[in-house]
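Trainee: My structure file protein.tsv, TSV, C-alpha atoms, is below:
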chain	number	residue	atom	x	y	z
S	154	MET	CA	-189.40	-165.60	42.49
S	155	HIS	CA	-190.59	-163.56	45.46
S	156	ASP	CA	-193.30	-163.68	48.07
S	157	GLY	CA	-196.61	-165.10	46.88
S	158	GLN	CA	-195.48	-167.48	44.13
S	159	ALA	CA	-199.07	-168.13	43.01
S	160	ASN	CA	-199.62	-164.44	42.56
S	161	CYS	CA	-196.40	-164.15	40.57
S	162	GLN	CA	-197.56	-167.00	38.34
S	163	GLN	CA	-200.96	-165.33	37.84
S	164	CYS	CA	-199.18	-162.09	37.06
S	165	LEU	CA	-197.15	-163.87	34.37
S	166	GLN	CA	-200.26	-165.49	32.91
S	167	ARG	CA	-201.93	-162.08	32.64
S	168	LEU	CA	-198.83	-160.22	31.54
S	169	GLY	CA	-199.64	-160.12	27.81
S	170	ALA	CA	-203.12	-158.69	28.31
S	171	TYR	CA	-201.78	-156.32	30.99
S	172	LEU	CA	-199.11	-154.94	28.66
S	173	ASP	CA	-201.69	-154.47	25.90
S	174	GLY	CA	-204.21	-152.78	28.19
S	175	GLU	CA	-206.68	-155.57	27.47
S	176	LEU	CA	-207.11	-156.90	30.98
S	177	GLU	CA	-210.57	-156.48	32.44
S	178	PRO	CA	-210.64	-153.86	35.23
S	179	LEU	CA	-210.90	-156.22	38.20
S	180	LEU	CA	-208.02	-158.40	37.02
S	181	ARG	CA	-205.98	-155.31	36.26
S	182	LEU	CA	-206.51	-154.06	39.80
S	183	GLN	CA	-205.38	-157.45	41.14
S	184	VAL	CA	-202.22	-157.31	39.01
S	185	ASP	CA	-201.58	-153.70	40.06
S	186	ALA	CA	-201.97	-154.70	43.72
S	187	HIS	CA	-199.48	-157.53	43.24
S	188	LEU	CA	-197.02	-155.27	41.41
S	189	ALA	CA	-197.20	-152.77	44.27
S	190	GLN	CA	-195.69	-155.35	46.63
S	191	CYS	CA	-193.57	-157.50	44.29
S	192	LEU	CA	-190.33	-155.94	43.05
S	193	GLY	CA	-189.49	-158.82	40.70
S	194	CYS	CA	-192.81	-158.71	38.84
S	195	ARG	CA	-192.67	-154.91	38.75
S	196	ARG	CA	-189.26	-155.12	37.10
S	197	LEU	CA	-190.50	-157.81	34.71
S	198	VAL	CA	-193.39	-155.62	33.56
S	199	ALA	CA	-191.06	-152.62	33.20
S	200	ASN	CA	-188.49	-154.68	31.25
S	201	CYS	CA	-191.19	-155.92	28.86
S	202	GLN	CA	-192.55	-152.41	28.35
S	203	GLN	CA	-189.01	-151.18	27.65
S	204	THR	CA	-188.44	-154.06	25.23
S	205	ILE	CA	-191.49	-153.04	23.20
S	206	GLN	CA	-190.70	-149.34	23.33
S	207	VAL	CA	-187.04	-149.60	22.34
S	208	TYR	CA	-188.02	-151.50	19.19
S	209	ARG	CA	-190.81	-149.05	18.40
S	210	ARG	CA	-188.47	-146.11	18.73
S	211	GLN	CA	-186.08	-147.52	16.14
S	212	PRO	CA	-186.25	-145.37	12.99
S	213	LEU	CA	-187.57	-146.81	9.76
S	214	PRO	CA	-184.83	-147.63	7.26
S	215	VAL	CA	-184.15	-144.94	4.69
S	216	LEU	CA	-184.19	-146.74	1.36
S	217	PRO	CA	-181.93	-145.58	-1.46
S	218	ALA	CA	-183.75	-143.95	-4.37
S	219	ALA	CA	-182.26	-146.61	-6.66
S	220	LEU	CA	-184.15	-149.32	-4.75
S	221	HIS	CA	-187.46	-147.51	-5.14
S	222	GLN	CA	-186.74	-147.10	-8.86
S	223	LYS	CA	-185.93	-150.81	-9.12
S	224	VAL	CA	-189.23	-151.69	-7.45
S	225	MET	CA	-191.20	-149.41	-9.77
S	226	ALA	CA	-189.30	-150.70	-12.81
S	227	GLY	CA	-190.39	-154.22	-11.84
S	228	VAL	CA	-193.99	-153.06	-11.48
S	229	ALA	CA	-193.89	-151.22	-14.84
S	230	ALA	CA	-192.45	-154.31	-16.55
S	231	ARG	CA	-195.27	-156.34	-15.08
S	232	GLU	CA	-197.78	-153.82	-16.39
S	233	LYS	CA	-196.38	-154.11	-19.90
S	234	LEU	CA	-196.90	-157.88	-19.72
S	235	GLY	CA	-200.48	-157.21	-18.64
S	236	HIS	CA	-201.96	-158.17	-15.25
L	92	MET	CA	-206.66	-146.05	-3.96
L	93	ALA	CA	-209.46	-146.19	-6.56
L	94	ARG	CA	-207.04	-144.79	-9.16
L	95	ALA	CA	-204.43	-147.39	-8.27
L	96	GLN	CA	-207.05	-150.10	-8.59
L	97	ALA	CA	-207.90	-148.74	-12.03
L	98	GLY	CA	-204.27	-149.26	-13.07
L	99	ASP	CA	-202.90	-145.73	-12.55
L	100	LEU	CA	-199.17	-146.33	-12.03
L	101	ALA	CA	-198.53	-142.89	-10.50
L	102	ALA	CA	-201.26	-143.49	-7.92
L	103	PHE	CA	-199.80	-146.92	-7.22
L	104	GLU	CA	-196.38	-145.37	-6.69
L	105	THR	CA	-197.69	-143.32	-3.77
L	106	ILE	CA	-198.78	-146.59	-2.13
L	107	VAL	CA	-195.31	-148.05	-2.73
L	108	GLN	CA	-193.65	-144.96	-1.23
L	109	ARG	CA	-195.87	-145.08	1.83
L	110	TYR	CA	-195.24	-148.72	2.70
L	111	GLU	CA	-191.87	-149.74	1.24
L	112	PRO	CA	-189.71	-148.86	4.30
L	113	ARG	CA	-191.93	-150.99	6.55
L	114	ILE	CA	-192.08	-153.88	4.10
L	115	PHE	CA	-188.31	-153.76	3.63
L	116	ARG	CA	-187.80	-153.81	7.42
L	117	LEU	CA	-190.20	-156.74	7.76
L	118	ALA	CA	-188.42	-158.72	5.03
L	119	ARG	CA	-184.96	-157.94	6.40
L	120	HIS	CA	-185.94	-159.14	9.86
L	121	MET	CA	-187.45	-162.30	8.39
L	122	LEU	CA	-184.51	-163.07	6.12
L	123	GLY	CA	-181.58	-161.48	7.94
L	124	ASP	CA	-180.18	-160.27	4.64
L	125	ALA	CA	-180.60	-156.89	2.92
L	126	ALA	CA	-180.17	-158.18	-0.65
L	127	ASP	CA	-182.84	-160.85	-0.17
L	128	ALA	CA	-185.07	-158.25	1.49
L	129	GLU	CA	-184.73	-156.02	-1.60
L	130	ASP	CA	-185.86	-158.92	-3.81
L	131	VAL	CA	-188.83	-159.58	-1.55
L	132	LEU	CA	-189.72	-155.89	-1.56
L	133	GLN	CA	-189.82	-155.83	-5.35
L	134	GLU	CA	-191.71	-159.12	-5.68
L	135	THR	CA	-194.23	-157.98	-3.07
L	136	PHE	CA	-195.15	-154.78	-4.90
L	137	ILE	CA	-195.27	-156.54	-8.26
L	138	LYS	CA	-197.80	-158.95	-6.73
L	139	VAL	CA	-199.67	-156.12	-5.00
L	140	TYR	CA	-199.96	-154.29	-8.32
L	141	ALA	CA	-201.12	-157.43	-10.10
L	142	LYS	CA	-203.77	-158.16	-7.45
L	143	ILE	CA	-204.82	-154.72	-6.31
L	144	GLY	CA	-208.00	-154.90	-8.34
L	145	GLN	CA	-209.02	-157.82	-6.14
L	146	PHE	CA	-208.53	-155.90	-2.89
L	147	GLN	CA	-211.94	-155.86	-1.19
L	148	TYR	CA	-211.53	-153.43	1.75
L	149	HIS	CA	-212.36	-156.25	4.20
L	150	SER	CA	-209.02	-155.47	5.80
L	151	ARG	CA	-206.62	-152.53	5.91
L	152	LEU	CA	-204.53	-152.20	2.76
L	153	TYR	CA	-201.36	-152.41	4.86
L	154	THR	CA	-202.45	-155.72	6.44
L	155	TRP	CA	-203.14	-157.11	2.98
L	156	ILE	CA	-199.71	-155.99	1.72
L	157	VAL	CA	-198.03	-157.48	4.81
L	158	ARG	CA	-199.67	-160.85	4.11
L	159	ILE	CA	-198.29	-160.82	0.57
L	160	ALA	CA	-194.83	-159.80	1.81
L	161	VAL	CA	-194.77	-162.54	4.47
L	162	ASN	CA	-195.64	-165.14	1.83
L	163	GLU	CA	-192.93	-163.83	-0.51
L	164	ALA	CA	-190.34	-163.93	2.28
L	165	LEU	CA	-191.40	-167.45	3.27
L	166	MET	CA	-190.95	-168.57	-0.34
L	167	LYS	CA	-187.48	-167.04	-0.33
L	168	LEU	CA	-186.64	-168.92	2.86
L	169	ARG	CA	-187.93	-172.15	1.36
L	170	ARG	CA	-185.72	-171.72	-1.70
L	171	ARG	CA	-182.76	-170.91	0.52
L	172	ARG	CA	-183.25	-173.87	2.85
L	173	GLY	CA	-184.64	-176.23	0.25
L	174	SER	CA	-187.44	-177.21	2.61
L	175	VAL	CA	-190.89	-176.11	3.66
L	176	ILE	CA	-190.94	-173.31	6.24
L	177	SER	CA	-193.81	-173.61	8.65
L	178	LEU	CA	-195.03	-170.90	10.94
L	179	ASP	CA	-196.04	-173.72	13.29
L	180	GLU	CA	-192.46	-174.84	13.84
L	181	ASP	CA	-190.69	-174.47	17.18
L	182	VAL	CA	-193.76	-173.40	19.09
L	183	SER	CA	-194.40	-176.62	20.99
L	184	SER	CA	-192.09	-175.81	23.89
L	185	PRO	CA	-193.83	-175.68	27.26
L	186	GLU	CA	-195.04	-172.39	28.68
L	187	GLY	CA	-192.13	-170.55	30.17
L	188	GLY	CA	-191.91	-170.22	33.91
L	189	LEU	CA	-191.08	-167.16	35.88
L	190	PRO	CA	-187.73	-165.61	34.99
L	191	ARG	CA	-185.14	-166.42	37.63
L	192	GLU	CA	-183.42	-163.09	37.59
L	193	VAL	CA	-185.04	-159.74	36.85
L	194	SER	CA	-182.94	-156.60	37.11
L	195	ASP	CA	-183.62	-152.93	36.65
L	196	TRP	CA	-182.72	-151.65	33.20
L	197	HIS	CA	-181.19	-148.38	32.14
L	198	PRO	CA	-184.16	-146.13	31.41
L	199	ASN	CA	-182.90	-145.07	28.00
L	200	PRO	CA	-180.81	-147.52	25.94
L	201	GLU	CA	-180.42	-144.83	23.26
L	202	GLN	CA	-178.19	-142.93	25.71
L	203	GLN	CA	-176.37	-146.09	26.77
L	204	PHE	CA	-175.28	-147.19	23.29
L	205	GLN	CA	-174.27	-145.65	19.98
L	206	THR	CA	-177.11	-145.76	17.44
L	207	THR	CA	-175.44	-148.41	15.27
L	208	GLU	CA	-174.51	-150.56	18.26
L	209	LEU	CA	-178.04	-150.43	19.64
L	210	GLY	CA	-179.45	-151.27	16.21
L	211	ASP	CA	-177.16	-154.31	16.02
L	212	ILE	CA	-178.17	-155.49	19.50
L	213	LEU	CA	-181.86	-155.20	18.66
L	214	GLN	CA	-181.47	-156.84	15.25
L	215	ARG	CA	-179.41	-159.78	16.59
L	216	SER	CA	-181.76	-160.31	19.52
L	217	LEU	CA	-184.80	-160.34	17.26
L	218	GLU	CA	-183.19	-162.66	14.72
L	219	ALA	CA	-182.31	-165.10	17.51
L	220	LEU	CA	-186.03	-165.76	18.06
L	221	SER	CA	-187.58	-168.58	16.08
L	222	LEU	CA	-189.46	-167.32	13.04
L	223	PRO	CA	-193.01	-167.86	14.38
L	224	TYR	CA	-192.25	-165.76	17.47
L	225	ARG	CA	-190.23	-163.17	15.57
L	226	LEU	CA	-193.02	-162.57	13.06
L	227	VAL	CA	-195.70	-162.10	15.69
L	228	PHE	CA	-193.51	-159.70	17.70
L	229	GLN	CA	-192.65	-157.76	14.60
L	230	LEU	CA	-196.21	-157.35	13.38
L	231	ARG	CA	-197.76	-156.65	16.79
L	232	ASP	CA	-195.10	-154.70	18.63
L	233	ILE	CA	-193.00	-153.07	15.91
L	234	GLU	CA	-195.46	-152.55	13.05
L	235	GLU	CA	-198.31	-152.10	15.55
L	236	LEU	CA	-200.88	-154.25	13.81
L	237	SER	CA	-203.78	-155.30	16.04
L	238	THR	CA	-204.02	-158.86	17.32
L	239	GLU	CA	-206.76	-159.53	14.76
L	240	GLU	CA	-204.75	-158.05	11.88
L	241	THR	CA	-201.68	-160.06	12.88
L	242	ALA	CA	-203.78	-163.22	13.02
L	243	GLU	CA	-205.19	-162.45	9.59
L	244	ALA	CA	-201.80	-161.67	8.05
L	245	LEU	CA	-200.22	-164.87	9.40
L	246	GLY	CA	-203.22	-167.20	9.14
L	247	LEU	CA	-203.26	-167.80	12.90
L	248	THR	CA	-205.94	-167.68	15.58
L	249	THR	CA	-205.96	-164.65	17.87
L	250	ALA	CA	-205.22	-166.99	20.80
L	251	ALA	CA	-202.08	-168.23	19.02
L	252	VAL	CA	-200.99	-164.64	18.35
L	253	LYS	CA	-201.40	-163.70	22.02
L	254	SER	CA	-199.56	-166.78	23.25
L	255	ARG	CA	-196.66	-166.36	20.83
L	256	LEU	CA	-196.43	-162.65	21.50
L	257	LEU	CA	-195.99	-163.16	25.25
L	258	ARG	CA	-193.31	-165.80	24.69
L	259	ALA	CA	-191.55	-163.60	22.15
L	260	ARG	CA	-191.57	-160.62	24.54
L	261	LEU	CA	-190.22	-162.74	27.41
L	262	GLN	CA	-187.48	-164.28	25.26
L	263	LEU	CA	-186.46	-160.89	23.89
L	264	ARG	CA	-186.45	-159.43	27.40
L	265	GLU	CA	-184.13	-162.23	28.46
L	266	ARG	CA	-181.75	-161.54	25.55
L	267	LEU	CA	-181.77	-157.78	26.00
L	268	ALA	CA	-181.30	-157.98	29.78
L	269	LYS	CA	-177.59	-158.68	29.51
L	270	HIS	CA	-177.14	-155.45	27.56
L	271	PHE	CA	-179.59	-153.14	29.30
L	272	ARG	CA	-179.49	-154.18	32.96
L	273	VAL	CA	-178.07	-151.83	35.51
L	274	LYS	CA	-174.96	-153.57	36.82
L	275	GLY	CA	-175.27	-154.62	40.45
L	276	ALA	CA	-179.06	-154.01	40.51
What do you get writing this file as structure tokens?
Mentor:
Amino acid sequence: MHDGQANCQQCLQRLGAYLDGELEPLLRLQVDAHLAQCLGCRRLVANCQQTIQVYRRQPLPVLPAALHQKVMAGVAAREKLGH
Amino acid sequence: MARAQAGDLAAFETIVQRYEPRIFRLARHMLGDAADAEDVLQETFIKVYAKIGQFQYHSRLYTWIVRIAVNEALMKLRRRRGSVISLDEDVSSPEGGLPREVSDWHPNPEQQFQTTELGDILQRSLEALSLPYRLVFQLRDIEELSTEETAEALGLTTAAVKSRLLRARLQLRERLAKHFRVKGA
């Protein structure tokens, strides 16, 4: 992809743990050092972070009251039958 | 929670209210259909109510409800397809290599697209993933369950969750890139 293919490959292998903040400090420093000089990997990390964030920012669906009532009616019917 | 476990319907309703939007979203992403997701939502909470006395606090209540909802949605998919749905399917492809093209993205897709259009892009991109990847991404990155909770809810090892999550993120990134990339970057 860019200079230092092996480093790019290592960066990819560690990407999941890096994104989740679960990489041990030394490995994180190594990835950070690689990102500082590799535009492609830096963009890849940023794209992945944006992917996660754009989904997280999506609002929860607002359910119609009728659906909640339908769910509770099903539960109440079950209760009448006994657990 | 103790009142709900003792059969108090009003107490149980507060649990339903707290979690039903998330469970509906989970089911809709799994099934791709709002009507089927409504059925799964109802069946899930009927099962939760029936079994809540058995809940042991070994896990978070939400994780336990998610596991029930996933099973209900899988049963719905089985009935629809007339075949067994396995969470092990389509995960044998080799580890992906480095992406060939990585561009800068617009910093804020919410400003780039109308709300409905963005929602459609995200929904279609997610539904294009195979179910095993989609589920892991949804539980880890959208619903924000931990790796361990996701593994528990899906009956997977933590290593499988981590591996599938990375592949799901990379595949989604690839699909979203054509919408979000800065042209000419």
Trainee: Within 7 Å of range 189-203 of chain L, counting all atoms listed in the file, which residues show up once you throw out same-chain ones fewer than 6 positions away? Write them as a list in words, please.
Mentor: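 The filter keeps Met154, Gln162, Gly193, Arg196, Leu197 and Asn200 of chain S; Phe271, Arg272, Val273 and Ala276 of chain L.
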Trainee: Counting only C-alpha atoms, collect the residues of chain L whose closest atom lies at most 6 Å from chain S, and write them out as a list of chain:residue names.
Mentor: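 Within 6 Å of chain S on chain L, we get L:Pro112, L:Gln133, L:Ile137, L:Ala141, L:Val193, L:Ile233, L:Leu257.
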Trainee: Between CA of Leu122 in chain L and CA of Glu218 in chain L, what is the spacing in Å?
Mentor: 8.7 Å
Trainee: Do you have the CA of Arg266 in chain L-CA of Ser216 in chain L distance handy?
Mentor: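 Calculated distance between CA of Arg266 in chain L and CA of Ser216 in chain L is 6.2 Å.
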Trainee: Would you compute the distance between CA of Arg264 in chain L and CA of Lys167 in chain L? Give it in Å to one decimal.
Mentor: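 According to the coordinates, CA of Arg264 in chain L and CA of Lys167 in chain L are separated by 28.8 Å.
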Trainee: Could you give me, as number ranges by chain, the residues within 10 Å of Glu134 in chain L, counting all atoms listed in the file and dropping anything in the same chain fewer than 2 positions from it?
Mentor: S: 224, 227-228; L: 128-132, 136-140, 159-160, 163-164
Trainee: Using only C-alpha atoms, find all polymer residues with an atom at most 10 Å away from the point (-200.0, -169.4, 20.3); report them as a CSV table (one decimal) with C-alpha atoms, in the coordinates of the input.
Mentor:
chain,number,residue,atom,x,y,z
L,179,ASP,CA,-196.0,-173.7,13.3
L,182,VAL,CA,-193.8,-173.4,19.1
L,183,SER,CA,-194.4,-176.6,21.0
L,223,PRO,CA,-193.0,-167.9,14.4
L,224,TYR,CA,-192.2,-165.8,17.5
L,227,VAL,CA,-195.7,-162.1,15.7
L,247,LEU,CA,-203.3,-167.8,12.9
L,248,THR,CA,-205.9,-167.7,15.6
L,249,THR,CA,-206.0,-164.6,17.9
L,250,ALA,CA,-205.2,-167.0,20.8
L,251,ALA,CA,-202.1,-168.2,19.0
L,252,VAL,CA,-201.0,-164.6,18.4
L,253,LYS,CA,-201.4,-163.7,22.0
L,254,SER,CA,-199.6,-166.8,23.2
L,255,ARG,CA,-196.7,-166.4,20.8
L,256,LEU,CA,-196.4,-162.6,21.5
L,257,LEU,CA,-196.0,-163.2,25.2
L,258,ARG,CA,-193.3,-165.8,24.7
Trainee: Pick out the residues sitting within 9 Å of range 103-105 of chain L, and hand them over as number ranges by chain; count all atoms listed in the file, and ignore anything fewer than 5 positions along from it in its own chain.
Mentor: S: 225; L: 92, 94-96, 98, 110, 140
Trainee: Could those selected residues go to a file with C-alpha atoms, as a short mmCIF file (atom, residue, chain, number, x, y, z; two decimals), keeping the file's coordinate frame?
Mentor:
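Output (again.cif):
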data_model
loop_
_atom_site.label_atom_id
_atom_site.label_comp_id
_atom_site.auth_asym_id
_atom_site.auth_seq_id
_atom_site.Cartn_x
_atom_site.Cartn_y
_atom_site.Cartn_z
CA MET S 225 -191.20 -149.41 -9.77
CA MET L 92 -206.66 -146.05 -3.96
CA ARG L 94 -207.04 -144.79 -9.16
CA ALA L 95 -204.43 -147.39 -8.27
CA GLN L 96 -207.05 -150.10 -8.59
CA GLY L 98 -204.27 -149.26 -13.07
CA TYR L 110 -195.24 -148.72 2.70
CA TYR L 140 -199.96 -154.29 -8.32
#
Trainee: Nearest residue to Val107 in chain L out of L:Thr206, L:Gly144, L:Ile156, L:Ala125, using only C-alpha atoms?
Mentor: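 That would be L:Ile156, the residue with the smallest distance to Val107 in chain L.
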